[in-house]
file protein_22.cif (mmCIF, C-alpha atoms)
data_my_file
loop_
_atom_site.label_atom_id
_atom_site.label_comp_id
_atom_site.auth_asym_id
_atom_site.auth_seq_id
_atom_site.Cartn_x
_atom_site.Cartn_y
_atom_site.Cartn_z
CA MET A 113 -61.06 263.76 -62.32
CA CYS A 114 -61.31 265.37 -58.98
CA GLY A 115 -57.76 265.47 -57.72
CA VAL A 116 -57.75 263.89 -54.32
CA CYS A 117 -60.38 261.37 -53.50
CA GLY A 118 -62.36 262.36 -50.62
CA CYS A 119 -63.83 263.46 -53.16
CA GLY A 120 -65.72 266.03 -55.16
CA GLU A 121 -66.16 268.91 -52.76
CA GLY A 122 -67.79 270.27 -55.84
CA HIS A 123 -69.50 273.54 -56.35
CA SER A 124 -72.87 273.29 -54.74
CA HIS A 125 -75.03 276.07 -55.96
CA SER A 126 -76.46 277.40 -52.78
CA HIS A 127 -79.37 279.66 -53.25
CA ASP A 128 -79.61 282.37 -50.68
CA HIS A 129 -83.31 282.88 -50.85
CA ASP A 130 -84.22 280.51 -48.08
CA HIS A 131 -87.53 281.98 -47.25
CA GLU A 132 -90.81 280.74 -46.00
CA HIS A 133 -93.36 281.39 -48.61
CA PRO A 134 -96.67 280.19 -49.87
CA HIS A 135 -96.74 277.48 -52.49
CA ASP A 136 -99.50 276.73 -54.83
CA HIS A 137 -98.38 273.38 -56.15
CA HIS A 138 -98.37 271.55 -52.85
CA ASP A 139 -99.44 272.26 -49.37
CA HIS A 140 -97.58 271.86 -46.15
CA ASP A 141 -99.04 272.72 -42.89
CA HIS A 142 -96.75 275.06 -41.21
CA GLY A 143 -99.37 276.70 -39.05
CA ALA A 144 -97.80 275.55 -35.82
CA GLU A 145 -94.21 276.25 -36.78
CA HIS A 146 -94.84 279.93 -37.10
CA THR A 147 -95.38 280.38 -33.41
CA HIS A 148 -91.71 280.16 -32.61
CA ALA A 149 -91.17 279.13 -29.07
CA PRO A 150 -87.97 280.63 -27.73
CA GLY A 151 -85.09 278.18 -27.74
CA LEU A 152 -86.64 275.92 -30.35
CA SER A 153 -85.16 276.03 -33.80
CA PRO A 154 -87.96 277.01 -36.13
CA LYS A 155 -88.73 275.05 -39.23
CA ARG A 156 -88.19 276.87 -42.45
CA MET A 157 -88.21 276.25 -46.16
CA VAL A 158 -85.06 276.02 -48.25
CA GLN A 159 -85.15 276.23 -52.03
CA ILE A 160 -82.74 273.78 -53.59
CA GLU A 161 -83.68 273.35 -57.23
CA GLN A 162 -80.96 270.86 -57.86
CA ASP A 163 -80.93 267.98 -60.26
CA ILE A 164 -80.58 264.72 -58.35
CA LEU A 165 -77.93 263.62 -60.81
CA ALA A 166 -76.20 267.01 -60.76
CA LYS A 167 -73.08 265.61 -59.17
CA ASN A 168 -72.74 262.83 -61.73
CA ASN A 169 -73.45 265.32 -64.49
CA ARG A 170 -70.65 267.60 -63.28
CA TYR A 171 -68.17 264.73 -63.40
CA ALA A 172 -69.51 263.77 -66.81
CA ALA A 173 -68.93 267.32 -68.04
CA GLU A 174 -65.35 267.11 -66.75
CA ASN A 175 -64.83 263.81 -68.59
CA ARG A 176 -66.35 265.26 -71.74
CA ARG A 177 -63.97 268.21 -71.57
CA TYR A 178 -61.06 265.83 -71.06
CA PHE A 179 -62.07 263.86 -74.17
CA GLY A 180 -62.70 267.02 -76.17
CA GLU A 181 -59.32 268.51 -75.40
CA ARG A 182 -57.55 265.34 -76.42
CA GLY A 183 -59.59 264.42 -79.47
CA ILE A 184 -60.61 261.13 -77.87
CA LEU A 185 -63.78 259.41 -79.05
CA ALA A 186 -65.41 257.87 -75.97
CA LEU A 187 -68.28 255.44 -76.49
CA ASN A 188 -70.46 254.05 -73.75
CA LEU A 189 -71.46 250.51 -74.70
CA VAL A 190 -74.62 249.33 -73.02
CA SER A 191 -76.69 246.15 -73.27
CA SER A 192 -78.14 243.28 -71.32
CA PRO A 193 -75.69 240.69 -70.03
CA GLY A 194 -74.72 238.24 -72.74
CA SER A 195 -75.45 240.40 -75.79
CA GLY A 196 -71.94 239.84 -77.09
CA LYS A 197 -70.41 243.21 -76.16
CA THR A 198 -67.02 241.84 -75.27
CA THR A 199 -66.79 239.66 -78.36
CA LEU A 200 -67.81 242.61 -80.51
CA LEU A 201 -65.08 244.62 -78.82
CA THR A 202 -62.35 242.06 -79.25
CA GLU A 203 -63.29 241.62 -82.93
CA THR A 204 -63.38 245.39 -83.43
CA ILE A 205 -60.04 245.87 -81.74
CA SER A 206 -58.32 243.15 -83.71
CA ARG A 207 -59.41 244.88 -86.95
CA LEU A 208 -58.52 248.41 -85.90
CA LYS A 209 -55.58 248.24 -83.54
CA ASP A 210 -52.97 248.56 -86.26
CA GLU A 211 -54.34 251.88 -87.45
CA LEU A 212 -55.79 253.41 -84.27
CA ASP A 213 -54.90 253.75 -80.61
CA ILE A 214 -57.58 252.04 -78.58
CA ALA A 215 -58.21 251.69 -74.85
CA VAL A 216 -61.03 250.06 -72.92
CA ILE A 217 -62.70 250.61 -69.56
CA GLU A 218 -64.59 247.52 -68.47
CA GLY A 219 -67.43 247.69 -65.98
CA ASP A 220 -68.72 244.57 -64.28
CA GLN A 221 -70.05 243.82 -60.85
CA GLN A 222 -67.30 241.30 -60.21
CA THR A 223 -64.21 239.71 -61.79
CA ALA A 224 -61.62 241.06 -64.21
CA ARG A 225 -62.44 238.46 -66.87
CA ASP A 226 -63.54 240.96 -69.51
CA ALA A 227 -60.50 243.21 -69.04
CA GLU A 228 -58.33 240.12 -69.44
CA ARG A 229 -60.08 239.23 -72.69
CA ILE A 230 -59.44 242.75 -73.96
CA ARG A 231 -55.81 242.81 -72.85
CA ALA A 232 -55.28 239.57 -74.76
CA THR A 233 -55.88 241.60 -77.93
CA GLY A 234 -52.95 243.81 -77.00
CA VAL A 235 -54.69 247.04 -76.02
CA PRO A 236 -54.76 248.57 -72.53
CA ALA A 237 -57.86 247.82 -70.48
CA LEU A 238 -58.90 248.77 -66.99
CA GLN A 239 -61.52 246.85 -65.05
CA ILE A 240 -63.89 248.66 -62.74
CA ASN A 241 -65.82 246.38 -60.41
CA THR A 242 -68.97 248.12 -59.31
CA GLY A 243 -69.53 245.62 -56.49
CA LYS A 244 -73.21 245.86 -55.69
CA GLY A 245 -73.66 248.80 -58.05
CA CYS A 246 -75.63 248.29 -61.21
CA HIS A 247 -73.99 250.93 -63.42
CA LEU A 248 -70.82 252.93 -63.99
CA ASP A 249 -70.90 256.55 -62.94
CA ALA A 250 -68.92 259.50 -64.26
CA HIS A 251 -66.84 259.80 -61.11
CA ARG A 252 -65.45 256.27 -61.35
CA VAL A 253 -64.80 256.69 -65.04
CA GLY A 254 -62.89 259.91 -64.29
CA HIS A 255 -60.61 258.04 -61.91
CA ALA A 256 -60.21 255.23 -64.42
CA LEU A 257 -58.96 257.81 -66.94
CA GLU A 258 -56.26 258.92 -64.52
CA THR A 259 -54.98 255.36 -64.37
CA LEU A 260 -55.57 254.30 -67.94
CA GLN A 261 -54.35 257.53 -69.56
CA PRO A 262 -55.77 256.93 -73.03
CA LYS A 263 -53.65 258.42 -75.81
CA ASP A 264 -54.61 261.64 -77.54
CA ARG A 265 -56.80 261.14 -80.61
CA SER A 266 -57.59 257.59 -79.56
CA LEU A 267 -60.73 255.49 -79.40
CA LEU A 268 -61.98 254.72 -75.89
CA PHE A 269 -64.63 252.08 -75.33
CA ILE A 270 -66.40 252.09 -72.00
CA GLU A 271 -68.15 248.77 -71.62
CA ASN A 272 -70.87 249.39 -69.09
CA VAL A 273 -72.33 246.84 -66.69
CA GLY A 274 -74.69 244.48 -68.52
CA ASN A 275 -78.00 246.08 -67.62
CA LEU A 276 -80.62 247.68 -69.85
CA VAL A 277 -82.04 249.89 -67.13
CA CYS A 278 -79.76 251.84 -64.82
CA PRO A 279 -76.87 252.89 -67.06
CA SER A 280 -79.28 254.91 -69.22
CA ALA A 281 -79.51 257.68 -66.63
CA PHE A 282 -75.81 258.07 -65.93
CA ASP A 283 -73.93 260.24 -68.36
CA LEU A 284 -70.25 259.27 -68.35
CA GLY A 285 -69.13 262.08 -70.65
CA GLU A 286 -69.23 259.84 -73.71
CA ALA A 287 -69.84 261.08 -77.25
CA HIS A 288 -72.48 258.41 -77.79
CA LYS A 289 -74.21 255.59 -76.02
CA VAL A 290 -74.19 252.54 -78.25
CA VAL A 291 -76.77 249.93 -77.31
CA ILE A 292 -76.12 246.35 -78.34
CA LEU A 293 -79.11 244.06 -78.71
CA SER A 294 -78.63 240.46 -79.74
CA VAL A 295 -81.25 238.66 -81.79
CA THR A 296 -81.55 235.96 -79.13
CA GLU A 297 -83.15 238.48 -76.79
CA GLY A 298 -86.51 239.13 -78.43
CA GLU A 299 -87.57 241.97 -80.71
CA ASP A 300 -89.59 243.79 -78.08
CA LYS A 301 -86.62 244.80 -75.92
CA PRO A 302 -86.69 248.42 -77.18
CA ILE A 303 -90.20 248.98 -75.86
CA LYS A 304 -89.65 246.87 -72.75
CA TYR A 305 -86.60 248.93 -71.80
CA PRO A 306 -87.36 252.22 -73.54
CA ASP A 307 -85.06 254.43 -71.45
CA MET A 308 -81.93 252.82 -72.78
CA PHE A 309 -82.99 252.83 -76.42
CA HIS A 310 -84.08 256.43 -76.01
CA ALA A 311 -80.68 257.41 -74.63
CA ALA A 312 -78.63 255.63 -77.30
CA ASP A 313 -77.56 257.12 -80.64
CA LEU A 314 -76.67 253.83 -82.27
CA MET A 315 -78.13 250.37 -81.89
CA ILE A 316 -76.16 247.33 -82.96
CA LEU A 317 -78.34 244.35 -83.72
CA ASN A 318 -75.85 241.62 -82.92
CA LYS A 319 -75.58 237.89 -83.58
CA THR A 320 -77.42 238.13 -86.90
CA ASP A 321 -75.76 234.83 -87.87
CA LEU A 322 -78.31 233.15 -85.58
CA LEU A 323 -81.36 234.62 -87.35
CA PRO A 324 -82.08 231.48 -89.43
CA TYR A 325 -82.56 229.53 -86.20
CA LEU A 326 -84.80 232.01 -84.42
CA ASP A 327 -88.25 233.59 -84.73
CA PHE A 328 -86.73 237.02 -84.25
CA ASP A 329 -88.54 239.68 -86.31
CA SER A 330 -85.80 242.17 -87.24
CA GLU A 331 -88.11 244.63 -88.95
CA GLN A 332 -90.42 244.75 -85.98
CA CYS A 333 -87.44 245.23 -83.68
CA ILE A 334 -86.13 248.15 -85.73
CA GLN A 335 -89.60 249.68 -85.80
CA TYR A 336 -89.87 249.45 -82.00
CA ALA A 337 -86.45 251.06 -81.60
CA LYS A 338 -87.39 253.95 -83.89
CA GLN A 339 -90.69 254.34 -82.08
CA VAL A 340 -88.81 254.91 -78.83
CA ASN A 341 -86.13 256.99 -80.48
CA PRO A 342 -86.74 258.34 -83.99
CA ARG A 343 -83.10 259.50 -84.23
CA ILE A 344 -81.50 256.12 -83.50
CA LYS A 345 -79.27 254.59 -86.16
CA ILE A 346 -79.25 250.82 -86.51
CA LEU A 347 -76.53 248.48 -87.68
CA PRO A 348 -77.26 244.74 -88.00
CA LEU A 349 -74.06 242.84 -87.40
CA SER A 350 -72.52 239.52 -86.54
CA ALA A 351 -69.31 239.81 -84.58
CA LYS A 352 -68.81 236.11 -85.26
CA THR A 353 -69.10 235.98 -89.07
CA GLY A 354 -68.04 239.58 -89.64
CA GLU A 355 -71.26 240.51 -91.44
CA GLY A 356 -71.91 244.22 -90.98
CA MET A 357 -68.53 244.82 -89.33
CA ASP A 358 -67.43 247.10 -92.17
CA SER A 359 -70.26 249.53 -91.55
CA TRP A 360 -69.51 249.56 -87.84
CA LEU A 361 -65.80 250.23 -88.42
CA ARG A 362 -66.66 253.02 -90.86
CA TRP A 363 -69.02 254.56 -88.30
CA LEU A 364 -66.28 254.42 -85.67
CA LYS A 365 -63.70 256.04 -87.92
CA ALA A 366 -66.11 258.76 -89.02
CA GLU A 367 -67.05 259.57 -85.41
CA LEU A 368 -63.40 259.58 -84.38
CA GLU A 369 -62.62 261.96 -87.21
CA LEU A 370 -65.36 264.31 -85.97
CA GLN A 371 -63.90 264.17 -82.49
CA ARG A 372 -60.44 264.96 -83.79
CA ILE A 373 -61.43 268.27 -85.37
CA ASP A 374 -59.54 270.96 -83.50
CA TYR A 375 -62.19 273.37 -82.44
CA ALA A 376 -61.03 276.72 -81.15
CA MET B 32 -84.02 251.61 -61.68
CA HIS B 33 -81.11 252.51 -59.39
CA GLU B 34 -83.47 254.22 -56.91
CA MET B 35 -81.03 253.43 -54.13
CA SER B 36 -78.21 255.39 -55.73
CA LEU B 37 -80.58 258.25 -56.51
CA CYS B 38 -81.43 258.40 -52.82
CA GLU B 39 -77.76 258.39 -51.94
CA SER B 40 -77.32 261.36 -54.28
CA ILE B 41 -80.25 263.12 -52.64
CA LEU B 42 -78.73 262.56 -49.20
CA GLN B 43 -75.40 263.95 -50.40
CA VAL B 44 -77.11 267.12 -51.57
CA LEU B 45 -78.92 267.43 -48.24
CA GLU B 46 -75.66 267.03 -46.34
CA GLN B 47 -73.81 269.44 -48.59
CA GLN B 48 -76.48 272.09 -48.26
CA ALA B 49 -76.69 271.75 -44.48
CA THR B 50 -73.63 273.93 -43.94
CA ALA B 51 -74.42 276.47 -46.62
CA GLN B 52 -78.02 276.85 -45.58
CA GLN B 53 -77.40 276.35 -41.87
CA TYR B 54 -79.75 273.61 -40.90
CA SER B 55 -79.23 270.50 -38.87
CA LYS B 56 -82.34 268.55 -39.62
CA VAL B 57 -84.40 267.92 -42.70
CA LYS B 58 -88.11 267.40 -42.07
CA THR B 59 -89.50 267.23 -45.59
CA VAL B 60 -88.01 266.87 -49.04
CA TRP B 61 -89.93 267.89 -52.15
CA LEU B 62 -88.87 266.17 -55.32
CA GLU B 63 -90.04 266.82 -58.82
CA ILE B 64 -90.04 263.59 -60.82
CA GLY B 65 -91.02 263.44 -64.46
CA ALA B 66 -93.11 260.57 -65.78
CA LEU B 67 -90.33 259.85 -68.31
CA ALA B 68 -87.46 259.98 -65.81
CA GLY B 69 -87.43 256.22 -65.41
CA VAL B 70 -87.92 256.48 -61.68
CA GLU B 71 -90.18 254.08 -59.85
CA ILE B 72 -91.65 256.28 -57.16
CA GLU B 73 -92.61 253.50 -54.76
CA ALA B 74 -89.07 252.09 -54.95
CA LEU B 75 -87.73 255.59 -54.42
CA ARG B 76 -89.79 256.03 -51.25
CA PHE B 77 -88.65 252.67 -49.93
CA SER B 78 -84.99 253.42 -50.67
CA PHE B 79 -85.23 256.92 -49.26
CA ASP B 80 -86.36 255.69 -45.85
CA VAL B 81 -83.52 253.19 -45.78
CA VAL B 82 -80.82 255.54 -47.02
CA VAL B 83 -81.61 258.44 -44.67
CA GLN B 84 -81.63 256.32 -41.53
CA GLY B 85 -79.32 257.82 -38.94
CA SER B 86 -78.65 260.88 -41.09
CA LEU B 87 -79.78 264.47 -40.75
CA ALA B 88 -82.85 263.46 -42.72
CA ASP B 89 -83.84 260.50 -40.56
CA HIS B 90 -87.64 260.15 -40.66
CA ALA B 91 -87.95 262.98 -43.15
CA ARG B 92 -91.12 263.04 -45.20
CA LEU B 93 -90.73 262.58 -48.93
CA GLU B 94 -93.14 264.53 -51.11
CA VAL B 95 -93.09 263.73 -54.79
CA ILE B 96 -94.48 266.17 -57.31
CA GLU B 97 -95.14 264.12 -60.44
CA VAL B 98 -94.70 265.92 -63.72
CA PRO B 99 -96.39 264.52 -66.84
CA GLY B 100 -94.29 263.58 -69.85
CA GLN B 101 -94.30 265.99 -72.75
CA ALA B 102 -92.99 265.74 -76.28
CA TRP B 103 -92.92 267.86 -79.41
CA CYS B 104 -94.72 266.15 -82.26
CA MET B 105 -92.98 267.09 -85.47
CA PRO B 106 -95.84 266.38 -87.91
CA CYS B 107 -98.39 268.18 -85.67
CA GLY B 108 -95.99 270.96 -84.74
CA ARG B 109 -97.12 271.09 -81.14
CA ASN B 110 -96.49 269.66 -77.70
CA VAL B 111 -98.39 266.57 -76.69
CA VAL B 112 -98.63 264.64 -73.44
CA VAL B 113 -97.00 261.20 -73.41
CA GLN B 114 -96.92 258.57 -70.69
CA GLN B 115 -94.11 256.44 -72.10
CA LEU B 116 -91.13 256.95 -74.33
CA TYR B 117 -92.64 254.64 -76.94
CA ASP B 118 -96.02 256.37 -77.03
CA LEU B 119 -97.27 257.57 -80.39
CA CYS B 120 -98.70 261.05 -80.86
CA PRO B 121 -102.27 260.93 -79.49
CA TYR B 122 -103.44 263.13 -82.38
CA CYS B 123 -101.68 261.90 -85.51
CA GLY B 124 -100.17 258.58 -84.44
CA SER B 125 -96.64 259.55 -85.43
CA HIS B 126 -93.62 258.42 -83.46
CA GLN B 127 -91.63 261.47 -84.55
CA LEU B 128 -91.76 262.79 -81.01
CA GLN B 129 -89.04 264.67 -79.23
CA VAL B 130 -89.28 264.54 -75.48
CA ASN B 131 -89.04 268.05 -74.06
CA GLY B 132 -90.49 267.74 -70.62
CA GLY B 133 -91.23 265.30 -67.85
CA ASP B 134 -87.81 263.67 -67.84
CA GLN B 135 -86.48 265.58 -64.87
CA MET B 136 -85.58 264.41 -61.40
CA ARG B 137 -84.96 267.39 -59.19
CA ILE B 138 -84.87 268.31 -55.56
CA LYS B 139 -87.19 271.30 -55.37
CA GLU B 140 -87.08 272.40 -51.78
CA LEU B 141 -86.73 271.33 -48.22
CA GLU B 142 -88.36 271.96 -44.92
CA VAL B 143 -85.55 272.15 -42.42
CA GLU B 144 -84.73 273.19 -38.92
#
call {"tool": "encode", "arguments": {"input": "protein_22.cif", "output": "structure tokens"}}
result
Amino acid sequence: MCGVCGCGEGHSHSHDHDHEHPHDHHDHDHGAEHTHAPGLSPKRMVQIEQDILAKNNRYAAENRRYFGERGILALNLVSSPGSGKTTLLTETISRLKDELDIAVIEGDQQTARDAERIRATGVPALQINTGKGCHLDAHRVGHALETLQPKDRSLLFIENVGNLVCPSAFDLGEAHKVVILSVTEGEDKPIKYPDMFHAADLMILNKTDLLPYLDFDSEQCIQYAKQVNPRIKILPLSAKTGEGMDSWLRWLKAELELQRIDYA
Amino acid sequence: MHEMSLCESILQVLEQQATAQQYSKVKTVWLEIGALAGVEIEALRFSFDVVVQGSLADHARLEVIEVPGQAWCMPCGRNVVVQQLYDLCPYCGSHQLQVNGGDQMRIKELEVE
């Protein structure tokens, strides 16, 4: 979303009050620096006050504007590896593709296997390989949008790298983060990885068809998730048997409808 | 998490600001990191030293100002201090807490020359 890659000669807010001044919250010994020897560049203090993620957040805001203007519902799907994200997606797509335009951005460290699985369902998918990176960032998603060109008023799934830690901090411009937790993972994941469950608006408790074979305590899991994030909504679901899929599809359509409202 | 990419972002800001603020070397960087920001400070220090090698901030000192986590407890109707996102209100035990502080990660200021 930044025109020519080189990239993002964004607006850095430079503050012009670069003064030396006393601080009360921390001490630095500039005694010596104040005796400026001629010819030596003196040390001085520069106020920055910038969010470390400011750059990502600017790209995210650009993406969000892009989605807003086009009535696109963008969802950032996050989970550990192997939670069943891609299967959930392919099942979701096969049930919705006749009534909605859908596109997918796939993030993985390596391979285009997931994008291929999505394309097999007949919807456009773009694979981003993060290489050594552990998460998608808003800048890469912005470029993916230029290539993928999702249709107006469509549903865009961004399947993040399987990782319950890093993607929580990186806003991609999505309407919601949806965290997928499978019942094979243990009910204490929400408190073990609180950042992600705190950042998500919806939690899908996946693979519920396996519950009879496991000691997974669903109620405890839901309680942990709400403890970390009282606002989180939870949908138990099995992408395999289809249990709970109706609620998920209704949620998607309702959210898409909200996104499609033409605000002035 | 991702402390390495945070450090890369920090370095980008330092490089960007160098022209605007007319400095060629960064001696100290003050960061403000909230207890709920999900940042492991030791990992951040380690990554910082690695990332700034050979840059304008080579050998710069990293000073971290840690900010405690804060949340609004709805039943109590007041701010309380929390250490973790899953903490319960220390007064009433409720989990109806809305984080409203201590989740920041900011570059505060620099000592430059």
call {"tool": "resolve_selection", "arguments": {"input": "protein_22.cif", "expression": "the PyMOL selection byres ((chain A) within 6 of (chain B))", "output": "PyMOL selection string"}}
result
chain A and resi 153-164+278+339-340+342
call {"tool": "atom_distance", "arguments": {"input": "protein_22.cif", "atom1": "atom CA of A:Pro193", "atom2": "atom CA of A:Gly274"}}
result
4.2 Å
call {"tool": "closest_residue", "arguments": {"input": "protein_22.cif", "among": "A:Asp220, A:Asp321, A:Glu286, A:Asp327", "to": "A:Glu299", "atoms": "only C-alpha atoms"}}
result
A:Asp327
call {"tool": "atom_distance", "arguments": {"input": "protein_22.cif", "atom1": "atom CA of A:Leu323", "atom2": "atom CA of A:Thr296"}}
result
8.3 Å
call {"tool": "closest_residue", "arguments": {"input": "protein_22.cif", "among": "A:Ser192, A:Pro324, A:Gln222, A:Lys263", "to": "A:Ser280", "atoms": "only C-alpha atoms"}}
result
A:Ser192
call {"tool": "atom_distance", "arguments": {"input": "protein_22.cif", "atom1": "atom CA of A:Ala256", "atom2": "atom CA of A:Arg170"}}
result
16.2 Å
call {"tool": "residues_near_point", "arguments": {"input": "protein_22.cif", "point": "(-88.3, 250.1, -84.1)", "cutoff": "10 Å", "atoms": "only C-alpha atoms", "output": "PyMOL selection string"}}
result
(chain A and resi 299-303+309+330-342+344+346) or (chain B and resi 117+126)
call {"tool": "resolve_selection", "arguments": {"input": "protein_22.cif", "expression": "the PyMOL selection byres ((chain A and resi 317) around 7)", "output": "list in words"}}
result
Ile292, Leu293, Ser294, Val295, Met315, Ile316, Asn318, Leu347, Pro348 and Leu349 of chain A
call {"tool": "resolve_selection", "arguments": {"input": "protein_22.cif", "expression": "the PyMOL selection byres ((chain A and resi 372) around 8)", "output": "PDB file with C-alpha atoms, in the frame of the given file"}}
result
ATOM      1  CA  ARG A 182     -57.550 265.340 -76.420  1.00  0.00           C
ATOM      2  CA  GLY A 183     -59.590 264.420 -79.470  1.00  0.00           C
ATOM      3  CA  ILE A 184     -60.610 261.130 -77.870  1.00  0.00           C
ATOM      4  CA  ARG A 265     -56.800 261.140 -80.610  1.00  0.00           C
ATOM      5  CA  LEU A 368     -63.400 259.580 -84.380  1.00  0.00           C
ATOM      6  CA  GLU A 369     -62.620 261.960 -87.210  1.00  0.00           C
ATOM      7  CA  LEU A 370     -65.360 264.310 -85.970  1.00  0.00           C
ATOM      8  CA  GLN A 371     -63.900 264.170 -82.490  1.00  0.00           C
ATOM      9  CA  ILE A 373     -61.430 268.270 -85.370  1.00  0.00           C
ATOM     10  CA  ASP A 374     -59.540 270.960 -83.500  1.00  0.00           C
TER      11      ASP A 374
END
call {"tool": "residues_around", "arguments": {"input": "protein_22.cif", "residues": "stretch 250-253 of chain A", "least_positions_apart": "6", "cutoff": "9 Å", "atoms": "all atoms listed in the file", "output": "VMD selection string"}}
result
chain A and resid 113 to 114 120 167 to 175 217 240 270 282 to 285
call {"tool": "build_atoms", "arguments": {"input": "protein_22.cif", "residues": "stretch 303-319 of chain A", "atoms": "N, CA, C and O atoms", "output": "mmCIF file, keeping the file's coordinate frame"}}
result
data_model
loop_
_atom_site.group_PDB
_atom_site.id
_atom_site.type_symbol
_atom_site.label_atom_id
_atom_site.label_comp_id
_atom_site.auth_asym_id
_atom_site.auth_seq_id
_atom_site.Cartn_x
_atom_site.Cartn_y
_atom_site.Cartn_z
ATOM 1 N N ILE A 303 -89.055 248.374 -76.549
ATOM 2 C CA ILE A 303 -90.200 248.980 -75.860
ATOM 3 C C ILE A 303 -90.317 248.465 -74.428
ATOM 4 O O ILE A 303 -90.978 249.071 -73.597
ATOM 5 N N LYS A 304 -89.639 247.334 -74.141
ATOM 6 C CA LYS A 304 -89.650 246.870 -72.750
ATOM 7 C C LYS A 304 -88.689 247.690 -71.895
ATOM 8 O O LYS A 304 -88.903 247.883 -70.710
ATOM 9 N N TYR A 305 -87.609 248.140 -72.518
ATOM 10 C CA TYR A 305 -86.600 248.930 -71.800
ATOM 11 C C TYR A 305 -86.361 250.237 -72.557
ATOM 12 O O TYR A 305 -85.272 250.478 -73.066
ATOM 13 N N PRO A 306 -87.428 251.053 -72.656
ATOM 14 C CA PRO A 306 -87.360 252.220 -73.540
ATOM 15 C C PRO A 306 -86.302 253.252 -73.155
ATOM 16 O O PRO A 306 -85.751 253.908 -74.036
ATOM 17 N N ASP A 307 -86.007 253.378 -71.864
ATOM 18 C CA ASP A 307 -85.060 254.430 -71.450
ATOM 19 C C ASP A 307 -83.720 254.281 -72.145
ATOM 20 O O ASP A 307 -83.129 255.242 -72.609
ATOM 21 N N MET A 308 -83.243 253.048 -72.195
ATOM 22 C CA MET A 308 -81.930 252.820 -72.780
ATOM 23 C C MET A 308 -81.913 253.093 -74.276
ATOM 24 O O MET A 308 -80.989 253.712 -74.802
ATOM 25 N N PHE A 309 -82.966 252.639 -74.965
ATOM 26 C CA PHE A 309 -82.990 252.830 -76.420
ATOM 27 C C PHE A 309 -83.234 254.306 -76.758
ATOM 28 O O PHE A 309 -82.845 254.778 -77.810
ATOM 29 N N HIS A 310 -83.865 255.000 -75.826
ATOM 30 C CA HIS A 310 -84.080 256.430 -76.010
ATOM 31 C C HIS A 310 -82.769 257.197 -75.842
ATOM 32 O O HIS A 310 -82.522 258.197 -76.515
ATOM 33 N N ALA A 311 -81.925 256.699 -74.946
ATOM 34 C CA ALA A 311 -80.680 257.410 -74.630
ATOM 35 C C ALA A 311 -79.570 257.126 -75.641
ATOM 36 O O ALA A 311 -78.606 257.873 -75.740
ATOM 37 N N ALA A 312 -79.711 256.041 -76.402
ATOM 38 C CA ALA A 312 -78.630 255.630 -77.300
ATOM 39 C C ALA A 312 -78.726 256.336 -78.654
ATOM 40 O O ALA A 312 -79.811 256.696 -79.111
ATOM 41 N N ASP A 313 -77.588 256.539 -79.292
ATOM 42 C CA ASP A 313 -77.560 257.120 -80.640
ATOM 43 C C ASP A 313 -77.436 256.051 -81.710
ATOM 44 O O ASP A 313 -77.774 256.267 -82.865
ATOM 45 N N LEU A 314 -76.871 254.920 -81.311
ATOM 46 C CA LEU A 314 -76.670 253.830 -82.270
ATOM 47 C C LEU A 314 -77.083 252.519 -81.622
ATOM 48 O O LEU A 314 -76.791 252.284 -80.447
ATOM 49 N N MET A 315 -77.781 251.698 -82.389
ATOM 50 C CA MET A 315 -78.130 250.370 -81.890
ATOM 51 C C MET A 315 -77.457 249.339 -82.798
ATOM 52 O O MET A 315 -77.584 249.405 -84.026
ATOM 53 N N ILE A 316 -76.749 248.420 -82.189
ATOM 54 C CA ILE A 316 -76.160 247.330 -82.960
ATOM 55 C C ILE A 316 -77.026 246.101 -82.727
ATOM 56 O O ILE A 316 -77.256 245.703 -81.585
ATOM 57 N N LEU A 317 -77.548 245.562 -83.810
ATOM 58 C CA LEU A 317 -78.340 244.350 -83.720
ATOM 59 C C LEU A 317 -77.358 243.200 -83.971
ATOM 60 O O LEU A 317 -76.977 242.937 -85.106
ATOM 61 N N ASN A 318 -76.968 242.562 -82.881
ATOM 62 C CA ASN A 318 -75.850 241.620 -82.920
ATOM 63 C C ASN A 318 -76.301 240.164 -83.070
ATOM 64 O O ASN A 318 -77.466 239.856 -82.844
ATOM 65 N N LYS A 319 -75.369 239.337 -83.424
ATOM 66 C CA LYS A 319 -75.580 237.890 -83.580
ATOM 67 C C LYS A 319 -76.542 237.571 -84.724
ATOM 68 O O LYS A 319 -77.335 236.631 -84.638
#
